[in-house]
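Structure record follows, encoded as structure tokens.
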Amino acid sequence: EAGVAQSPRYKIIEKRQSVAFWCNPISGHATLYWYQQILGQGPKLLIQFQNNGVVDDSQLPKDRFSAERLKGVDSTLKIQPAKLEDSAVYLCASSLVGDTDTQYFGPGTRLTVL
Amino acid sequence: AQKITQTQPGMFVQEKEAVTLDCTYDTSDPSYGLFWYKQPSSGEMIFLIYQGSYDQQNATEGRYSLNFQKARKSANLVISASQLGDSAMYFCAMREGGYSTLTFGKGTMLLVSP
């Protein structure tokens, strides 16, 4: 079974530029999560989708971050404009349904904002 | 108050020895789940083991076991017979009640020496 796929693996941009990350979850997984992991910390949830609907985006900085999951499968996370403090690893995870299922993570995208 | 506390920033162990990674949690919800993930230098979060709050027995998965002490609100990970490939960051995480969101600790870096 293929795991969670993410691209790109690495991205370097200058502040005020925009960037987008892509995630393809495990086949059949209805729930998709985006996490931000700053160096030296554990991952922090940014947004959770159930199929193509948003379940929780309370910690998403909506003035600059946006995410969508069209057709309930793959998802895109965008940052516009980027700030220095956005430098982090962005992890995508998926699970079968939600509250009782284990989340499986992708390899992450390491973003550096200069 | 932090929901997940991992007090050991780093741990060293020799190959073939057992090691315990500490995790304490804070919740008032009677229904919760505790997870351990491994994050090697490649960045991917790898699911290791899960313990539900109502589970009567400690969870085990191969060389991993979870020492669950509910009254003390601790969920320590025990790795038996450490291998060089176990060198990685280890994160404890909690899911509360009917929510699927995971809250992570800050992690413990484990280094296994020959």
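Labeling convention for the structure tokens: chains A, B, ... as they appear, residues from 1 per chain, ligands from 1 in order of appearance.
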For Ala30 of chain A, please output as number ranges by chain all residues within 7 Å (counting only C-alpha atoms; exclusion window: fewer than 5 positions along the same chain).
-> A: 50-51, 95-97
When you get a sec, could you note down which chain B residues fall within 7 Å of chain A, using only C-alpha atoms, as an mmCIF file with C-alpha atoms, in the first residue's frame?
data_model
loop_
_atom_site.group_PDB
_atom_site.id
_atom_site.type_symbol
_atom_site.label_atom_id
_atom_site.label_comp_id
_atom_site.auth_asym_id
_atom_site.auth_seq_id
_atom_site.Cartn_x
_atom_site.Cartn_y
_atom_site.Cartn_z
ATOM 1 C CA GLY B 43 11.634 13.710 8.430
ATOM 2 C CA GLU B 44 8.773 11.243 8.125
ATOM 3 C CA MET B 45 6.730 10.538 11.264
ATOM 4 C CA ILE B 46 6.457 6.778 11.713
ATOM 5 C CA PHE B 47 3.653 5.403 13.886
ATOM 6 C CA GLY B 98 -14.170 12.559 20.098
ATOM 7 C CA TYR B 99 -11.596 14.750 18.432
ATOM 8 C CA SER B 100 -9.040 13.308 16.058
ATOM 9 C CA PHE B 104 2.402 16.398 20.371
ATOM 10 C CA GLY B 105 5.158 16.767 22.939
ATOM 11 C CA LYS B 106 8.487 18.380 22.110
ATOM 12 C CA GLY B 107 10.175 15.064 21.536
#
Show which residues sit within 10 Å of segment 11-16 of chain A, as a PyMOL selection string. Count only C-alpha atoms, and ignore same-chain residues fewer than 4 positions away.
-> chain A and resi 7+20-21+79-87+89+109-114
Residue selection dump (C-alpha atoms) as a PDB file, in the first residue's frame:
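Written output follows (selection_29.pdb):
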ATOM      1  CA  SER A   7       5.941  17.365  -2.882  1.00  0.00           C
ATOM      2  CA  ALA A  20       2.427  25.815  -2.411  1.00  0.00           C
ATOM      3  CA  PHE A  21       2.724  22.282  -1.097  1.00  0.00           C
ATOM      4  CA  ILE A  79       1.419  30.458   1.956  1.00  0.00           C
ATOM      5  CA  GLN A  80       1.142  33.965   0.549  1.00  0.00           C
ATOM      6  CA  PRO A  81       3.124  36.026   1.426  1.00  0.00           C
ATOM      7  CA  ALA A  82       5.702  33.998   3.345  1.00  0.00           C
ATOM      8  CA  LYS A  83       7.420  35.291   6.465  1.00  0.00           C
ATOM      9  CA  LEU A  84      10.717  34.259   8.022  1.00  0.00           C
ATOM     10  CA  GLU A  85       8.886  32.497  10.857  1.00  0.00           C
ATOM     11  CA  ASP A  86       7.166  30.195   8.365  1.00  0.00           C
ATOM     12  CA  SER A  87      10.423  28.268   7.981  1.00  0.00           C
ATOM     13  CA  VAL A  89       8.637  21.285   7.941  1.00  0.00           C
ATOM     14  CA  THR A 109       8.229  19.480   2.899  1.00  0.00           C
ATOM     15  CA  ARG A 110      11.079  21.445   4.432  1.00  0.00           C
ATOM     16  CA  LEU A 111      10.518  25.160   3.785  1.00  0.00           C
ATOM     17  CA  THR A 112      13.242  27.737   4.261  1.00  0.00           C
ATOM     18  CA  VAL A 113      12.261  31.402   4.040  1.00  0.00           C
ATOM     19  CA  LEU A 114      15.205  33.786   3.555  1.00  0.00           C
TER      20      LEU A 114
END
Residues near Ala93 of chain B, cut-off 12 Å, only C-alpha atoms, skip fewer than 2 positions along chain, as a PyMOL selection string = (chain A and resi 42-45+102-103) or (chain B and resi 2-6+22-26+32-38+45+47-52+74-77+90-91+95-96+100-107)
DSSP on the backbone, strand (DSSP E or B) only: what residues of segment 1-113 of chain B does that give? Format it as a PDB file with N, CA, C and O atoms, in the first residue's frame.
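And here's part_34.pdb as it stands now:
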ATOM      1  N   ILE B   4       1.121  17.515  26.759  1.00  0.00           N
ATOM      2  CA  ILE B   4       2.064  16.409  26.653  1.00  0.00           C
ATOM      3  C   ILE B   4       3.444  16.930  27.066  1.00  0.00           C
ATOM      4  O   ILE B   4       3.910  17.932  26.510  1.00  0.00           O
ATOM      5  N   THR B   5       4.055  16.253  28.000  1.00  0.00           N
ATOM      6  CA  THR B   5       5.370  16.656  28.483  1.00  0.00           C
ATOM      7  C   THR B   5       6.371  15.530  28.292  1.00  0.00           C
ATOM      8  O   THR B   5       6.158  14.417  28.769  1.00  0.00           O
ATOM      9  N   GLY B  10      17.319  14.509  25.344  1.00  0.00           N
ATOM     10  CA  GLY B  10      18.144  13.528  24.659  1.00  0.00           C
ATOM     11  C   GLY B  10      18.427  12.332  25.543  1.00  0.00           C
ATOM     12  O   GLY B  10      18.494  12.451  26.773  1.00  0.00           O
ATOM     13  N   MET B  11      18.547  11.181  24.890  1.00  0.00           N
ATOM     14  CA  MET B  11      18.871   9.953  25.613  1.00  0.00           C
ATOM     15  C   MET B  11      19.937   9.200  24.823  1.00  0.00           C
ATOM     16  O   MET B  11      19.916   9.186  23.583  1.00  0.00           O
ATOM     17  N   PHE B  12      20.872   8.583  25.565  1.00  0.00           N
ATOM     18  CA  PHE B  12      21.906   7.770  24.939  1.00  0.00           C
ATOM     19  C   PHE B  12      21.776   6.341  25.445  1.00  0.00           C
ATOM     20  O   PHE B  12      21.554   6.114  26.631  1.00  0.00           O
ATOM     21  N   VAL B  13      21.935   5.396  24.544  1.00  0.00           N
ATOM     22  CA  VAL B  13      21.863   3.995  24.939  1.00  0.00           C
ATOM     23  C   VAL B  13      22.808   3.192  24.053  1.00  0.00           C
ATOM     24  O   VAL B  13      23.060   3.568  22.905  1.00  0.00           O
ATOM     25  N   GLN B  14      23.311   2.125  24.614  1.00  0.00           N
ATOM     26  CA  GLN B  14      24.165   1.245  23.799  1.00  0.00           C
ATOM     27  C   GLN B  14      23.304   0.217  23.088  1.00  0.00           C
ATOM     28  O   GLN B  14      22.241  -0.200  23.589  1.00  0.00           O
ATOM     29  N   VAL B  19      15.734   0.836  26.625  1.00  0.00           N
ATOM     30  CA  VAL B  19      15.668   2.259  26.978  1.00  0.00           C
ATOM     31  C   VAL B  19      14.206   2.650  27.178  1.00  0.00           C
ATOM     32  O   VAL B  19      13.306   2.115  26.513  1.00  0.00           O
ATOM     33  N   THR B  20      13.985   3.552  28.123  1.00  0.00           N
ATOM     34  CA  THR B  20      12.639   4.063  28.403  1.00  0.00           C
ATOM     35  C   THR B  20      12.595   5.554  28.113  1.00  0.00           C
ATOM     36  O   THR B  20      13.417   6.323  28.646  1.00  0.00           O
ATOM     37  N   LEU B  21      11.634   5.957  27.299  1.00  0.00           N
ATOM     38  CA  LEU B  21      11.417   7.366  26.984  1.00  0.00           C
ATOM     39  C   LEU B  21      10.156   7.821  27.710  1.00  0.00           C
ATOM     40  O   LEU B  21       9.102   7.194  27.589  1.00  0.00           O
ATOM     41  N   THR B  24       4.462  12.279  30.016  1.00  0.00           N
ATOM     42  CA  THR B  24       3.322  12.501  30.888  1.00  0.00           C
ATOM     43  C   THR B  24       2.312  13.362  30.144  1.00  0.00           C
ATOM     44  O   THR B  24       2.668  14.141  29.258  1.00  0.00           O
ATOM     45  N   TYR B  25       1.046  13.205  30.519  1.00  0.00           N
ATOM     46  CA  TYR B  25      -0.011  13.902  29.796  1.00  0.00           C
ATOM     47  C   TYR B  25      -0.994  14.526  30.777  1.00  0.00           C
ATOM     48  O   TYR B  25      -1.031  14.161  31.962  1.00  0.00           O
ATOM     49  N   TYR B  32      -9.443   8.980  25.870  1.00  0.00           N
ATOM     50  CA  TYR B  32      -8.330   9.577  25.142  1.00  0.00           C
ATOM     51  C   TYR B  32      -7.437   8.461  24.601  1.00  0.00           C
ATOM     52  O   TYR B  32      -7.564   7.288  24.976  1.00  0.00           O
ATOM     53  N   GLY B  33      -6.569   8.821  23.702  1.00  0.00           N
ATOM     54  CA  GLY B  33      -5.621   7.868  23.128  1.00  0.00           C
ATOM     55  C   GLY B  33      -4.228   8.442  23.158  1.00  0.00           C
ATOM     56  O   GLY B  33      -4.042   9.649  22.998  1.00  0.00           O
ATOM     57  N   LEU B  34      -3.265   7.594  23.354  1.00  0.00           N
ATOM     58  CA  LEU B  34      -1.873   8.016  23.429  1.00  0.00           C
ATOM     59  C   LEU B  34      -1.077   7.309  22.336  1.00  0.00           C
ATOM     60  O   LEU B  34      -1.266   6.110  22.100  1.00  0.00           O
ATOM     61  N   PHE B  35      -0.229   8.062  21.664  1.00  0.00           N
ATOM     62  CA  PHE B  35       0.527   7.555  20.527  1.00  0.00           C
ATOM     63  C   PHE B  35       2.008   7.855  20.723  1.00  0.00           C
ATOM     64  O   PHE B  35       2.393   8.850  21.335  1.00  0.00           O
ATOM     65  N   TRP B  36       2.823   7.003  20.131  1.00  0.00           N
ATOM     66  CA  TRP B  36       4.242   7.295  19.987  1.00  0.00           C
ATOM     67  C   TRP B  36       4.595   7.216  18.496  1.00  0.00           C
ATOM     68  O   TRP B  36       4.189   6.277  17.797  1.00  0.00           O
ATOM     69  N   TYR B  37       5.345   8.245  18.071  1.00  0.00           N
ATOM     70  CA  TYR B  37       5.837   8.297  16.698  1.00  0.00           C
ATOM     71  C   TYR B  37       7.354   8.437  16.732  1.00  0.00           C
ATOM     72  O   TYR B  37       7.920   9.064  17.622  1.00  0.00           O
ATOM     73  N   LYS B  38       7.982   7.880  15.709  1.00  0.00           N
ATOM     74  CA  LYS B  38       9.430   7.989  15.519  1.00  0.00           C
ATOM     75  C   LYS B  38       9.680   8.879  14.303  1.00  0.00           C
ATOM     76  O   LYS B  38       9.020   8.718  13.275  1.00  0.00           O
ATOM     77  N   GLN B  39      10.604   9.813  14.432  1.00  0.00           N
ATOM     78  CA  GLN B  39      10.949  10.686  13.308  1.00  0.00           C
ATOM     79  C   GLN B  39      12.443  10.616  13.039  1.00  0.00           C
ATOM     80  O   GLN B  39      13.246  11.284  13.697  1.00  0.00           O
ATOM     81  N   ILE B  46       6.813   8.185  11.830  1.00  0.00           N
ATOM     82  CA  ILE B  46       6.457   6.778  11.713  1.00  0.00           C
ATOM     83  C   ILE B  46       5.699   6.348  12.954  1.00  0.00           C
ATOM     84  O   ILE B  46       6.212   6.454  14.070  1.00  0.00           O
ATOM     85  N   PHE B  47       4.469   5.857  12.769  1.00  0.00           N
ATOM     86  CA  PHE B  47       3.653   5.403  13.886  1.00  0.00           C
ATOM     87  C   PHE B  47       4.277   4.158  14.512  1.00  0.00           C
ATOM     88  O   PHE B  47       4.649   3.211  13.818  1.00  0.00           O
ATOM     89  N   LEU B  48       4.376   4.157  15.839  1.00  0.00           N
ATOM     90  CA  LEU B  48       4.965   3.026  16.548  1.00  0.00           C
ATOM     91  C   LEU B  48       3.938   2.230  17.336  1.00  0.00           C
ATOM     92  O   LEU B  48       3.868   1.004  17.228  1.00  0.00           O
ATOM     93  N   ILE B  49       3.139   2.939  18.171  1.00  0.00           N
ATOM     94  CA  ILE B  49       2.317   2.213  19.120  1.00  0.00           C
ATOM     95  C   ILE B  49       1.202   3.108  19.624  1.00  0.00           C
ATOM     96  O   ILE B  49       1.345   4.337  19.664  1.00  0.00           O
ATOM     97  N   TYR B  50       0.073   2.485  19.986  1.00  0.00           N
ATOM     98  CA  TYR B  50      -1.107   3.212  20.455  1.00  0.00           C
ATOM     99  C   TYR B  50      -1.647   2.573  21.731  1.00  0.00           C
ATOM    100  O   TYR B  50      -1.649   1.339  21.868  1.00  0.00           O
ATOM    101  N   GLN B  51      -2.097   3.436  22.652  1.00  0.00           N
ATOM    102  CA  GLN B  51      -2.734   2.976  23.893  1.00  0.00           C
ATOM    103  C   GLN B  51      -4.008   3.767  24.110  1.00  0.00           C
ATOM    104  O   GLN B  51      -3.975   4.997  24.162  1.00  0.00           O
ATOM    105  N   GLY B  52      -5.138   3.083  24.236  1.00  0.00           N
ATOM    106  CA  GLY B  52      -6.388   3.747  24.544  1.00  0.00           C
ATOM    107  C   GLY B  52      -6.582   3.852  26.048  1.00  0.00           C
ATOM    108  O   GLY B  52      -6.107   2.989  26.808  1.00  0.00           O
ATOM    109  N   THR B  60       1.738  -3.459  23.153  1.00  0.00           N
ATOM    110  CA  THR B  60       3.058  -3.923  22.710  1.00  0.00           C
ATOM    111  C   THR B  60       3.029  -4.083  21.196  1.00  0.00           C
ATOM    112  O   THR B  60       2.009  -4.468  20.610  1.00  0.00           O
ATOM    113  N   GLU B  61       4.157  -3.737  20.568  1.00  0.00           N
ATOM    114  CA  GLU B  61       4.329  -3.909  19.123  1.00  0.00           C
ATOM    115  C   GLU B  61       5.786  -4.276  18.885  1.00  0.00           C
ATOM    116  O   GLU B  61       6.663  -3.427  18.840  1.00  0.00           O
ATOM    117  N   TYR B  64       8.647  -2.646  20.821  1.00  0.00           N
ATOM    118  CA  TYR B  64       8.104  -1.473  21.503  1.00  0.00           C
ATOM    119  C   TYR B  64       7.000  -1.888  22.473  1.00  0.00           C
ATOM    120  O   TYR B  64       6.145  -2.705  22.129  1.00  0.00           O
ATOM    121  N   SER B  65       7.017  -1.318  23.644  1.00  0.00           N
ATOM    122  CA  SER B  65       5.918  -1.494  24.578  1.00  0.00           C
ATOM    123  C   SER B  65       5.644  -0.152  25.249  1.00  0.00           C
ATOM    124  O   SER B  65       6.520   0.720  25.336  1.00  0.00           O
ATOM    125  N   LEU B  66       4.412   0.018  25.656  1.00  0.00           N
ATOM    126  CA  LEU B  66       4.005   1.261  26.286  1.00  0.00           C
ATOM    127  C   LEU B  66       3.673   0.963  27.742  1.00  0.00           C
ATOM    128  O   LEU B  66       2.783   0.146  28.009  1.00  0.00           O
ATOM    129  N   ASN B  67       4.387   1.598  28.637  1.00  0.00           N
ATOM    130  CA  ASN B  67       4.156   1.437  30.069  1.00  0.00           C
ATOM    131  C   ASN B  67       3.125   2.491  30.491  1.00  0.00           C
ATOM    132  O   ASN B  67       3.467   3.644  30.751  1.00  0.00           O
ATOM    133  N   PHE B  68       1.861   2.080  30.516  1.00  0.00           N
ATOM    134  CA  PHE B  68       0.735   2.990  30.752  1.00  0.00           C
ATOM    135  C   PHE B  68       0.362   2.971  32.228  1.00  0.00           C
ATOM    136  O   PHE B  68      -0.064   1.933  32.753  1.00  0.00           O
ATOM    137  N   GLN B  69       0.563   4.112  32.907  1.00  0.00           N
ATOM    138  CA  GLN B  69       0.186   4.241  34.308  1.00  0.00           C
ATOM    139  C   GLN B  69      -0.842   5.367  34.398  1.00  0.00           C
ATOM    140  O   GLN B  69      -0.490   6.549  34.495  1.00  0.00           O
ATOM    141  N   SER B  74       0.987   8.798  32.963  1.00  0.00           N
ATOM    142  CA  SER B  74       2.225   8.617  32.220  1.00  0.00           C
ATOM    143  C   SER B  74       2.074   7.498  31.193  1.00  0.00           C
ATOM    144  O   SER B  74       1.308   6.547  31.399  1.00  0.00           O
ATOM    145  N   ALA B  75       2.800   7.650  30.113  1.00  0.00           N
ATOM    146  CA  ALA B  75       2.729   6.692  29.004  1.00  0.00           C
ATOM    147  C   ALA B  75       4.125   6.558  28.417  1.00  0.00           C
ATOM    148  O   ALA B  75       4.407   7.046  27.322  1.00  0.00           O
ATOM    149  N   ASN B  76       4.980   5.892  29.124  1.00  0.00           N
ATOM    150  CA  ASN B  76       6.379   5.790  28.719  1.00  0.00           C
ATOM    151  C   ASN B  76       6.568   4.729  27.647  1.00  0.00           C
ATOM    152  O   ASN B  76       5.969   3.651  27.692  1.00  0.00           O
ATOM    153  N   LEU B  77       7.433   5.019  26.701  1.00  0.00           N
ATOM    154  CA  LEU B  77       7.768   4.057  25.640  1.00  0.00           C
ATOM    155  C   LEU B  77       9.010   3.285  26.058  1.00  0.00           C
ATOM    156  O   LEU B  77      10.017   3.891  26.430  1.00  0.00           O
ATOM    157  N   VAL B  78       8.930   1.971  25.965  1.00  0.00           N
ATOM    158  CA  VAL B  78      10.074   1.116  26.251  1.00  0.00           C
ATOM    159  C   VAL B  78      10.508   0.445  24.959  1.00  0.00           C
ATOM    160  O   VAL B  78       9.692  -0.195  24.275  1.00  0.00           O
ATOM    161  N   ILE B  79      11.768   0.625  24.618  1.00  0.00           N
ATOM    162  CA  ILE B  79      12.333  -0.047  23.447  1.00  0.00           C
ATOM    163  C   ILE B  79      13.301  -1.101  23.974  1.00  0.00           C
ATOM    164  O   ILE B  79      14.275  -0.773  24.671  1.00  0.00           O
ATOM    165  N   ALA B  88      16.820   8.373  16.467  1.00  0.00           N
ATOM    166  CA  ALA B  88      15.799   9.232  15.865  1.00  0.00           C
ATOM    167  C   ALA B  88      15.186  10.106  16.960  1.00  0.00           C
ATOM    168  O   ALA B  88      15.511   9.960  18.144  1.00  0.00           O
ATOM    169  N   MET B  89      14.302  11.013  16.543  1.00  0.00           N
ATOM    170  CA  MET B  89      13.459  11.741  17.491  1.00  0.00           C
ATOM    171  C   MET B  89      12.216  10.915  17.759  1.00  0.00           C
ATOM    172  O   MET B  89      11.666  10.287  16.840  1.00  0.00           O
ATOM    173  N   TYR B  90      11.765  10.926  18.999  1.00  0.00           N
ATOM    174  CA  TYR B  90      10.564  10.195  19.375  1.00  0.00           C
ATOM    175  C   TYR B  90       9.574  11.172  19.987  1.00  0.00           C
ATOM    176  O   TYR B  90       9.897  11.924  20.897  1.00  0.00           O
ATOM    177  N   PHE B  91       8.343  11.122  19.461  1.00  0.00           N
ATOM    178  CA  PHE B  91       7.298  12.029  19.923  1.00  0.00           C
ATOM    179  C   PHE B  91       6.147  11.250  20.548  1.00  0.00           C
ATOM    180  O   PHE B  91       5.676  10.257  19.987  1.00  0.00           O
ATOM    181  N   CYS B  92       5.709  11.750  21.684  1.00  0.00           N
ATOM    182  CA  CYS B  92       4.501  11.267  22.336  1.00  0.00           C
ATOM    183  C   CYS B  92       3.363  12.202  21.920  1.00  0.00           C
ATOM    184  O   CYS B  92       3.572  13.421  21.809  1.00  0.00           O
ATOM    185  N   ALA B  93       2.184  11.663  21.677  1.00  0.00           N
ATOM    186  CA  ALA B  93       1.047  12.488  21.260  1.00  0.00           C
ATOM    187  C   ALA B  93      -0.236  11.966  21.890  1.00  0.00           C
ATOM    188  O   ALA B  93      -0.339  10.784  22.243  1.00  0.00           O
ATOM    189  N   MET B  94      -1.214  12.849  22.024  1.00  0.00           N
ATOM    190  CA  MET B  94      -2.486  12.490  22.640  1.00  0.00           C
ATOM    191  C   MET B  94      -3.651  12.962  21.785  1.00  0.00           C
ATOM    192  O   MET B  94      -3.599  14.046  21.203  1.00  0.00           O
ATOM    193  N   ARG B  95      -4.681  12.136  21.757  1.00  0.00           N
ATOM    194  CA  ARG B  95      -5.943  12.510  21.137  1.00  0.00           C
ATOM    195  C   ARG B  95      -7.001  12.438  22.234  1.00  0.00           C
ATOM    196  O   ARG B  95      -7.072  11.439  22.959  1.00  0.00           O
ATOM    197  N   GLU B  96      -7.823  13.474  22.359  1.00  0.00           N
ATOM    198  CA  GLU B  96      -8.787  13.538  23.440  1.00  0.00           C
ATOM    199  C   GLU B  96     -10.214  13.370  22.948  1.00  0.00           C
ATOM    200  O   GLU B  96     -10.581  13.945  21.913  1.00  0.00           O
ATOM    201  N   THR B 103      -2.176  16.177  19.774  1.00  0.00           N
ATOM    202  CA  THR B 103      -1.298  17.153  20.426  1.00  0.00           C
ATOM    203  C   THR B 103       0.007  16.450  20.729  1.00  0.00           C
ATOM    204  O   THR B 103       0.015  15.410  21.393  1.00  0.00           O
ATOM    205  N   PHE B 104       1.091  17.022  20.245  1.00  0.00           N
ATOM    206  CA  PHE B 104       2.402  16.398  20.371  1.00  0.00           C
ATOM    207  C   PHE B 104       3.230  17.037  21.473  1.00  0.00           C
ATOM    208  O   PHE B 104       3.096  18.233  21.764  1.00  0.00           O
ATOM    209  N   THR B 108      11.940  13.568  22.179  1.00  0.00           N
ATOM    210  CA  THR B 108      13.191  13.125  22.794  1.00  0.00           C
ATOM    211  C   THR B 108      14.083  12.563  21.698  1.00  0.00           C
ATOM    212  O   THR B 108      13.643  11.722  20.916  1.00  0.00           O
ATOM    213  N   MET B 109      15.311  13.043  21.644  1.00  0.00           N
ATOM    214  CA  MET B 109      16.278  12.528  20.664  1.00  0.00           C
ATOM    215  C   MET B 109      16.975  11.322  21.263  1.00  0.00           C
ATOM    216  O   MET B 109      17.585  11.412  22.322  1.00  0.00           O
ATOM    217  N   LEU B 110      16.869  10.178  20.619  1.00  0.00           N
ATOM    218  CA  LEU B 110      17.526   8.961  21.067  1.00  0.00           C
ATOM    219  C   LEU B 110      18.728   8.664  20.174  1.00  0.00           C
ATOM    220  O   LEU B 110      18.597   8.647  18.947  1.00  0.00           O
ATOM    221  N   LEU B 111      19.870   8.455  20.796  1.00  0.00           N
ATOM    222  CA  LEU B 111      21.063   8.055  20.054  1.00  0.00           C
ATOM    223  C   LEU B 111      21.516   6.695  20.549  1.00  0.00           C
ATOM    224  O   LEU B 111      21.727   6.505  21.753  1.00  0.00           O
ATOM    225  N   VAL B 112      21.638   5.769  19.627  1.00  0.00           N
ATOM    226  CA  VAL B 112      22.071   4.416  19.950  1.00  0.00           C
ATOM    227  C   VAL B 112      23.496   4.247  19.451  1.00  0.00           C
ATOM    228  O   VAL B 112      23.781   4.452  18.264  1.00  0.00           O
ATOM    229  N   SER B 113      24.385   3.875  20.370  1.00  0.00           N
ATOM    230  CA  SER B 113      25.796   3.723  19.995  1.00  0.00           C
ATOM    231  C   SER B 113      26.167   2.242  19.911  1.00  0.00           C
ATOM    232  O   SER B 113      25.572   1.408  20.585  1.00  0.00           O
TER     233      SER B 113
END
Distance query Glu17 of chain B at most 6 Å, only C-alpha atoms, self and fewer than 2 positions along chain excluded, as number ranges by chain = B: 14-15, 81-82
For the residues selected in the previous step, produce a file with N, CA and C atoms as an mmCIF file, in the first residue's frame.
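Writing the result to out37.cif gives the following:
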data_model
loop_
_atom_site.group_PDB
_atom_site.id
_atom_site.type_symbol
_atom_site.label_atom_id
_atom_site.label_comp_id
_atom_site.auth_asym_id
_atom_site.auth_seq_id
_atom_site.Cartn_x
_atom_site.Cartn_y
_atom_site.Cartn_z
ATOM 1 N N GLN B 14 23.311 2.125 24.614
ATOM 2 C CA GLN B 14 24.165 1.245 23.799
ATOM 3 C C GLN B 14 23.304 0.217 23.088
ATOM 4 N N GLU B 15 23.792 -0.184 21.964
ATOM 5 C CA GLU B 15 23.118 -1.199 21.178
ATOM 6 C C GLU B 15 22.801 -2.414 22.047
ATOM 7 N N ALA B 81 16.125 -4.102 23.456
ATOM 8 C CA ALA B 81 17.191 -4.490 22.523
ATOM 9 C C ALA B 81 17.400 -3.440 21.445
ATOM 10 N N SER B 82 17.858 -2.262 21.854
ATOM 11 C CA SER B 82 18.030 -1.133 20.932
ATOM 12 C C SER B 82 18.922 -1.505 19.749
#
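Taking atom CA of Gln37 of chain A as the reference point, atom CA of Ser31 of chain B is found at 26.4 Å.
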Which of A:Trp34, A:Phe49, A:Trp22, A:Phe65 sits closest to Ala5 of chain A [using only C-alpha atoms] | A:Trp22
Quote the spacing between atom CA of Gly72 of chain A and atom CA of Cys23 of chain A in Å to one decimal place.
-> 11.7 Å
